[in-house]
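Colleague: Below you'll find target-v8.pdb; it's PDB, C-alpha atoms, pLDDT in the B column.
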```
ATOM      1  CA  MET P   1     -12.220  -5.300  21.753  1.00 52.00           C
ATOM      2  CA  GLY P   2     -12.118  -6.366  18.094  1.00 60.00           C
ATOM      3  CA  TRP P   3     -10.550  -4.243  15.390  1.00 52.00           C
ATOM      4  CA  ARG P   4     -13.958  -3.253  14.008  1.00 57.00           C
ATOM      5  CA  GLU P   5     -14.746  -1.364  17.256  1.00 59.00           C
ATOM      6  CA  ARG P   6     -11.521   0.642  17.432  1.00 54.00           C
ATOM      7  CA  GLN P   7     -11.415   4.404  17.298  1.00 60.00           C
ATOM      8  CA  HIS P   8      -9.185   6.176  14.740  1.00 59.00           C
ATOM      9  CA  GLU P   9      -6.269   6.822  17.100  1.00 79.00           C
ATOM     10  CA  GLU P  10      -6.292   3.568  19.085  1.00 91.00           C
ATOM     11  CA  THR P  11      -3.234   1.451  18.375  1.00 96.00           C
ATOM     12  CA  TYR P  12      -3.095  -2.265  17.679  1.00 97.00           C
ATOM     13  CA  SER P  13      -0.830  -4.832  19.303  1.00 97.00           C
ATOM     14  CA  ASP P  14       1.664  -6.587  17.015  1.00 98.00           C
ATOM     15  CA  ALA P  15      -0.442  -9.749  17.089  1.00 98.00           C
ATOM     16  CA  GLU P  16      -3.568  -7.798  16.112  1.00 97.00           C
ATOM     17  CA  VAL P  17      -1.691  -6.045  13.283  1.00 98.00           C
ATOM     18  CA  GLU P  18      -0.376  -9.320  11.897  1.00 98.00           C
ATOM     19  CA  ALA P  19      -3.827 -10.950  12.065  1.00 98.00           C
ATOM     20  CA  ARG P  20      -5.481  -8.039  10.286  1.00 97.00           C
ATOM     21  CA  LEU P  21      -2.760  -7.886   7.615  1.00 98.00           C
ATOM     22  CA  LEU P  22      -3.187 -11.594   6.957  1.00 98.00           C
ATOM     23  CA  GLU P  23      -6.940 -11.126   6.574  1.00 97.00           C
ATOM     24  CA  GLU P  24      -7.042  -7.866   4.609  1.00 98.00           C
ATOM     25  CA  LEU P  25      -3.616  -6.975   3.192  1.00 98.00           C
ATOM     26  CA  PRO P  26      -1.667 -10.186   2.567  1.00 97.00           C
ATOM     27  CA  HIS P  27       1.178  -8.442   0.685  1.00 98.00           C
ATOM     28  CA  TRP P  28       1.880  -6.106   3.603  1.00 98.00           C
ATOM     29  CA  TYR P  29       3.917  -7.082   6.650  1.00 98.00           C
ATOM     30  CA  LEU P  30       4.801  -5.722  10.088  1.00 98.00           C
ATOM     31  CA  GLU P  31       8.407  -4.795  10.789  1.00 98.00           C
ATOM     32  CA  SER P  32       9.879  -2.553  13.496  1.00 97.00           C
ATOM     33  CA  GLY P  33       6.540  -0.948  14.330  1.00 97.00           C
ATOM     34  CA  TRP P  34       5.526  -0.149  10.743  1.00 98.00           C
ATOM     35  CA  ILE P  35       3.296  -1.889   8.244  1.00 98.00           C
ATOM     36  CA  ARG P  36       5.209  -2.163   4.980  1.00 98.00           C
ATOM     37  CA  ARG P  37       4.731  -3.037   1.332  1.00 98.00           C
ATOM     38  CA  LYS P  38       7.229  -3.322  -1.499  1.00 98.00           C
ATOM     39  CA  TYR P  39       5.804  -2.439  -4.914  1.00 98.00           C
ATOM     40  CA  LYS P  40       7.970  -3.809  -7.719  1.00 97.00           C
ATOM     41  CA  THR P  41       8.021  -1.847 -10.947  1.00 96.00           C
ATOM     42  CA  SER P  42       9.498  -2.208 -14.406  1.00 94.00           C
ATOM     43  CA  GLY P  43      11.870   0.729 -14.011  1.00 94.00           C
ATOM     44  CA  TRP P  44      12.349   4.349 -13.099  1.00 95.00           C
ATOM     45  CA  LYS P  45       9.327   5.861 -14.900  1.00 94.00           C
ATOM     46  CA  ALA P  46       6.979   3.346 -13.311  1.00 95.00           C
ATOM     47  CA  THR P  47       8.610   3.891  -9.912  1.00 97.00           C
ATOM     48  CA  LEU P  48       7.936   7.614 -10.172  1.00 97.00           C
ATOM     49  CA  MET P  49       4.297   6.931 -11.068  1.00 96.00           C
ATOM     50  CA  VAL P  50       3.923   4.757  -7.959  1.00 98.00           C
ATOM     51  CA  VAL P  51       5.581   7.423  -5.793  1.00 98.00           C
ATOM     52  CA  ASN P  52       3.260  10.097  -7.177  1.00 98.00           C
ATOM     53  CA  THR P  53       0.210   7.875  -6.619  1.00 98.00           C
ATOM     54  CA  VAL P  54       1.236   7.187  -3.016  1.00 98.00           C
ATOM     55  CA  GLY P  55       1.927  10.885  -2.522  1.00 98.00           C
ATOM     56  CA  HIS P  56      -1.470  11.906  -3.835  1.00 98.00           C
ATOM     57  CA  LEU P  57      -3.389   9.355  -1.764  1.00 98.00           C
ATOM     58  CA  ALA P  58      -1.430  10.188   1.389  1.00 98.00           C
ATOM     59  CA  GLU P  59      -1.891  13.926   0.993  1.00 97.00           C
ATOM     60  CA  VAL P  60      -5.633  13.613   0.355  1.00 97.00           C
ATOM     61  CA  ALA P  61      -5.888  11.387   3.447  1.00 97.00           C
ATOM     62  CA  PHE P  62      -3.567  13.705   5.419  1.00 96.00           C
ATOM     63  CA  HIS P  63      -1.637  10.648   6.602  1.00 95.00           C
ATOM     64  CA  HIS P  64       1.928  10.477   5.420  1.00 94.00           C
ATOM     65  CA  PRO P  65       4.046   7.350   4.837  1.00 97.00           C
ATOM     66  CA  ASP P  66       7.779   6.957   4.771  1.00 98.00           C
ATOM     67  CA  LEU P  67       9.105   5.816   1.398  1.00 98.00           C
ATOM     68  CA  THR P  68      12.200   4.064   0.126  1.00 98.00           C
ATOM     69  CA  VAL P  69      12.564   4.666  -3.589  1.00 98.00           C
ATOM     70  CA  SER P  70      14.871   2.796  -5.946  1.00 98.00           C
ATOM     71  CA  TYR P  71      15.076   2.160  -9.690  1.00 97.00           C
ATOM     72  CA  ALA P  72      12.607  -0.720  -9.801  1.00 96.00           C
ATOM     73  CA  PHE P  73      10.721  -0.637  -6.506  1.00 98.00           C
ATOM     74  CA  VAL P  74       9.042   1.516  -3.882  1.00 98.00           C
ATOM     75  CA  ILE P  75       8.765   0.504  -0.237  1.00 98.00           C
ATOM     76  CA  VAL P  76       5.889   2.140   1.631  1.00 98.00           C
ATOM     77  CA  LYS P  77       5.967   2.273   5.446  1.00 98.00           C
ATOM     78  CA  LEU P  78       2.915   3.320   7.448  1.00 98.00           C
ATOM     79  CA  MET P  79       2.594   4.116  11.138  1.00 98.00           C
ATOM     80  CA  ASN P  80       0.492   6.751  12.869  1.00 96.00           C
ATOM     81  CA  HIS P  81       3.126   9.112  14.256  1.00 92.00           C
ATOM     82  CA  ALA P  82       0.688  10.943  16.552  1.00 92.00           C
ATOM     83  CA  ALA P  83      -0.589   7.691  18.077  1.00 94.00           C
ATOM     84  CA  LYS P  84       2.890   6.115  18.066  1.00 94.00           C
ATOM     85  CA  GLY P  85       1.633   2.875  16.547  1.00 97.00           C
ATOM     86  CA  ILE P  86      -0.540   1.213  13.926  1.00 98.00           C
ATOM     87  CA  THR P  87      -4.131   2.492  13.804  1.00 97.00           C
ATOM     88  CA  ASN P  88      -7.155   2.213  11.534  1.00 96.00           C
ATOM     89  CA  LYS P  89      -5.746   5.125   9.531  1.00 96.00           C
ATOM     90  CA  ASP P  90      -2.785   2.981   8.482  1.00 98.00           C
ATOM     91  CA  PHE P  91      -4.955   0.079   7.375  1.00 98.00           C
ATOM     92  CA  GLU P  92      -7.370   2.318   5.468  1.00 97.00           C
ATOM     93  CA  LEU P  93      -4.603   4.119   3.574  1.00 98.00           C
ATOM     94  CA  ALA P  94      -2.836   0.829   2.812  1.00 98.00           C
ATOM     95  CA  LYS P  95      -6.088  -0.583   1.380  1.00 98.00           C
ATOM     96  CA  LYS P  96      -6.565   2.465  -0.838  1.00 98.00           C
ATOM     97  CA  MET P  97      -2.977   2.173  -2.100  1.00 98.00           C
ATOM     98  CA  GLU P  98      -3.530  -1.497  -2.923  1.00 97.00           C
ATOM     99  CA  GLU P  99      -6.769  -0.704  -4.721  1.00 97.00           C
ATOM    100  CA  VAL P 100      -5.227   2.007  -6.906  1.00 97.00           C
ATOM    101  CA  ILE P 101      -1.672   0.770  -7.504  1.00 97.00           C
ATOM    102  CA  MET P 102      -2.558  -2.881  -8.109  1.00 95.00           C
ATOM    103  CA  TRP P 103      -5.627  -2.123 -10.251  1.00 94.00           C
ATOM    104  CA  GLN P 104      -5.731  -4.252 -13.411  1.00 91.00           C
ATOM    105  CA  PRO P 105      -8.559  -2.909 -15.576  1.00 91.00           C
ATOM    106  CA  GLY P 106      -7.987  -5.582 -18.222  1.00 87.00           C
ATOM    107  CA  LEU P 107      -9.216  -8.211 -15.778  1.00 89.00           C
ATOM    108  CA  GLU P 108     -12.539  -6.434 -15.262  1.00 89.00           C
ATOM    109  CA  GLY P 109     -13.851  -7.011 -18.778  1.00 88.00           C
ATOM    110  CA  GLY P 110     -14.776  -3.394 -19.463  1.00 90.00           C
ATOM    111  CA  SER P 111     -13.630  -0.955 -22.123  1.00 94.00           C
ATOM    112  CA  LEU P 112     -10.336  -0.249 -20.362  1.00 92.00           C
ATOM    113  CA  GLU P 113      -7.902  -2.884 -21.598  1.00 90.00           C
ATOM    114  CA  GLY P 114      -5.023  -2.276 -19.237  1.00 88.00           C
ATOM    115  CA  THR P 115      -1.337  -2.238 -20.069  1.00 86.00           C
ATOM    116  CA  PRO P 116      -0.392  -4.598 -22.934  1.00 86.00           C
ATOM    117  CA  ASP P 117       1.565  -7.730 -22.041  1.00 82.00           C
ATOM    118  CA  ASP P 118       4.639  -6.407 -23.810  1.00 86.00           C
ATOM    119  CA  PRO P 119       7.977  -5.504 -22.172  1.00 84.00           C
ATOM    120  CA  ARG P 120       7.888  -2.061 -23.822  1.00 86.00           C
ATOM    121  CA  PHE P 121       4.766  -1.157 -21.854  1.00 85.00           C
ATOM    122  CA  LYS P 122       5.341  -2.956 -18.553  1.00 83.00           C
ATOM    123  CA  TYR P 123       4.521  -0.866 -15.535  1.00 84.00           C
ATOM    124  CA  ILE P 124       3.766  -2.667 -12.280  1.00 88.00           C
ATOM    125  CA  LYS P 125       4.955  -6.169 -11.514  1.00 88.00           C
ATOM    126  CA  TYR P 126       1.674  -7.587 -10.255  1.00 87.00           C
ATOM    127  CA  ASP P 127       1.606 -10.053  -7.404  1.00 86.00           C
ATOM    128  CA  LYS P 128       0.826 -13.660  -8.196  1.00 77.00           C
ATOM    129  CA  THR P 129      -2.569 -14.559  -6.803  1.00 60.00           C
TER     130      THR P 129
END
```
Show this structure as structure tokens.

Modeller:
Amino acid sequence: MGWRERQHEETYSDAEVEARLLEELPHWYLESGWIRRKYKTSGWKATLMVVNTVGHLAEVAFHHPDLTVSYAFVIVKLMNHAAKGITNKDFELAKKMEEVIMWQPGLEGGSLEGTPDDPRFKYIKYDKT
């Protein structure tokens, strides 16, 4: 059965998780039964904004990650506790986090300019593409 046919609570094998991460979430990785992502920030204020964003998205989704929070980074760990493994819920929440946290409105060409390229206003350390 392919990942597109899975039910919400069905778990993935490690090989399936790694293949799907490579295809859909290249900055996430599998470690010790969790999918993980480290978001690098410019400092404490930005870290708190990331934590609050993750908290909001997780609460709305009613799927709750484990977090490691430090001065200039946040590590997000997702695993479906009820299913005891990685499920579609984990992938869907990870995608939403990527979409919101890594959003760069200045690249879209609209009215929203995005954060200026100035150290005083740095927020997220965006991944190199």

Colleague: Check what the PyMOL selection byres ((chain P and resi 26) around 12) selects in the file above and give those residues as a VMD selection string.

Modeller: chain P and resid 17 to 25 27 to 30 35 to 38 91 94 to 95 98 127 to 129

Colleague: Got time to write the residues from that selection, C-alpha atoms, as a PDB file, in the frame of the given file?

Modeller:
```
ATOM      1  CA  VAL P  17      -1.691  -6.045  13.283  1.00 98.00           C
ATOM      2  CA  GLU P  18      -0.376  -9.320  11.897  1.00 98.00           C
ATOM      3  CA  ALA P  19      -3.827 -10.950  12.065  1.00 98.00           C
ATOM      4  CA  ARG P  20      -5.481  -8.039  10.286  1.00 97.00           C
ATOM      5  CA  LEU P  21      -2.760  -7.886   7.615  1.00 98.00           C
ATOM      6  CA  LEU P  22      -3.187 -11.594   6.957  1.00 98.00           C
ATOM      7  CA  GLU P  23      -6.940 -11.126   6.574  1.00 97.00           C
ATOM      8  CA  GLU P  24      -7.042  -7.866   4.609  1.00 98.00           C
ATOM      9  CA  LEU P  25      -3.616  -6.975   3.192  1.00 98.00           C
ATOM     10  CA  HIS P  27       1.178  -8.442   0.685  1.00 98.00           C
ATOM     11  CA  TRP P  28       1.880  -6.106   3.603  1.00 98.00           C
ATOM     12  CA  TYR P  29       3.917  -7.082   6.650  1.00 98.00           C
ATOM     13  CA  LEU P  30       4.801  -5.722  10.088  1.00 98.00           C
ATOM     14  CA  ILE P  35       3.296  -1.889   8.244  1.00 98.00           C
ATOM     15  CA  ARG P  36       5.209  -2.163   4.980  1.00 98.00           C
ATOM     16  CA  ARG P  37       4.731  -3.037   1.332  1.00 98.00           C
ATOM     17  CA  LYS P  38       7.229  -3.322  -1.499  1.00 98.00           C
ATOM     18  CA  PHE P  91      -4.955   0.079   7.375  1.00 98.00           C
ATOM     19  CA  ALA P  94      -2.836   0.829   2.812  1.00 98.00           C
ATOM     20  CA  LYS P  95      -6.088  -0.583   1.380  1.00 98.00           C
ATOM     21  CA  GLU P  98      -3.530  -1.497  -2.923  1.00 97.00           C
ATOM     22  CA  ASP P 127       1.606 -10.053  -7.404  1.00 86.00           C
ATOM     23  CA  LYS P 128       0.826 -13.660  -8.196  1.00 77.00           C
ATOM     24  CA  THR P 129      -2.569 -14.559  -6.803  1.00 60.00           C
TER      25      THR P 129
END
```

Colleague: Which residues come within 8 Å of Met97 in chain P, counting all atoms listed in the file, excluding same-chain residues fewer than 6 positions away, as a ChimeraX atom specification?

Modeller: /P:53-54,57

Colleague: The PyMOL selection byres ((chain P and resi 39) around 9) - which residues does that actually catch in the file I just gave you? List them as a PyMOL selection string.

Modeller: chain P and resi 37-38+40-41+47+50+72-76+101-102+124-126

Colleague: Would you mind telling me which residue in P:Leu107, P:Glu99, P:Leu67, P:Lys77 lies nearest to Asn52 in chain P when using only C-alpha atoms?

Modeller: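 Comparing P:Leu107, P:Glu99, P:Leu67, P:Lys77 against Asn52 in chain P, the winner is P:Leu67.
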
Colleague: Kindly indicate which residue among P:Asp118, P:Thr87, P:Asp14, P:Tyr123 lies nearest to Gln104 in chain P, using all atoms listed in the file for the distances.

Modeller: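 When distances to Gln104 in chain P are compared using all atoms listed in the file, the smallest one comes from P:Tyr123.
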
Colleague: Which of these, P:Leu93, P:Pro119, P:Ala46, P:Val60, has the shortest distance to Met79 in chain P once you count all atoms listed in the file?

Modeller: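 Comparing P:Leu93, P:Pro119, P:Ala46, P:Val60 against Met79 in chain P, the winner is P:Leu93.
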
Colleague: Identify which of the residues P:Ile86, P:Val100, P:Val69, P:Ala15 lies closest to His56 in chain P, counting all atoms listed in the file when measuring atom-to-atom distances.

Modeller: P:Val100

Colleague: Assuming the chain letters and numbering stay as they are in my file, what does the PyMOL selection byres ((chain P and resi 61-63) around 8) actually select? List them as JSON, numbers by chain.

Modeller: {"P": [57, 58, 59, 60, 64, 65, 80, 89, 90, 93]}

Colleague: Here is a test: counting all atoms listed in the file, which residue of P:Ser32, P:Gly85, P:Gly114, P:Met49 is nearest to Tyr12 in chain P?

Modeller: P:Gly85

Colleague: Quick one: distance from CA of Tyr71 in chain P to CA of Glu31 in chain P in Å, one decimal?

Modeller: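 The value is 22.6 Å.
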
Colleague: Work out how far CA of Lys122 in chain P is from CA of Pro105 in chain P, in Å to one decimal.

Modeller: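 That distance, rounded to one decimal, is 14.2 Å.
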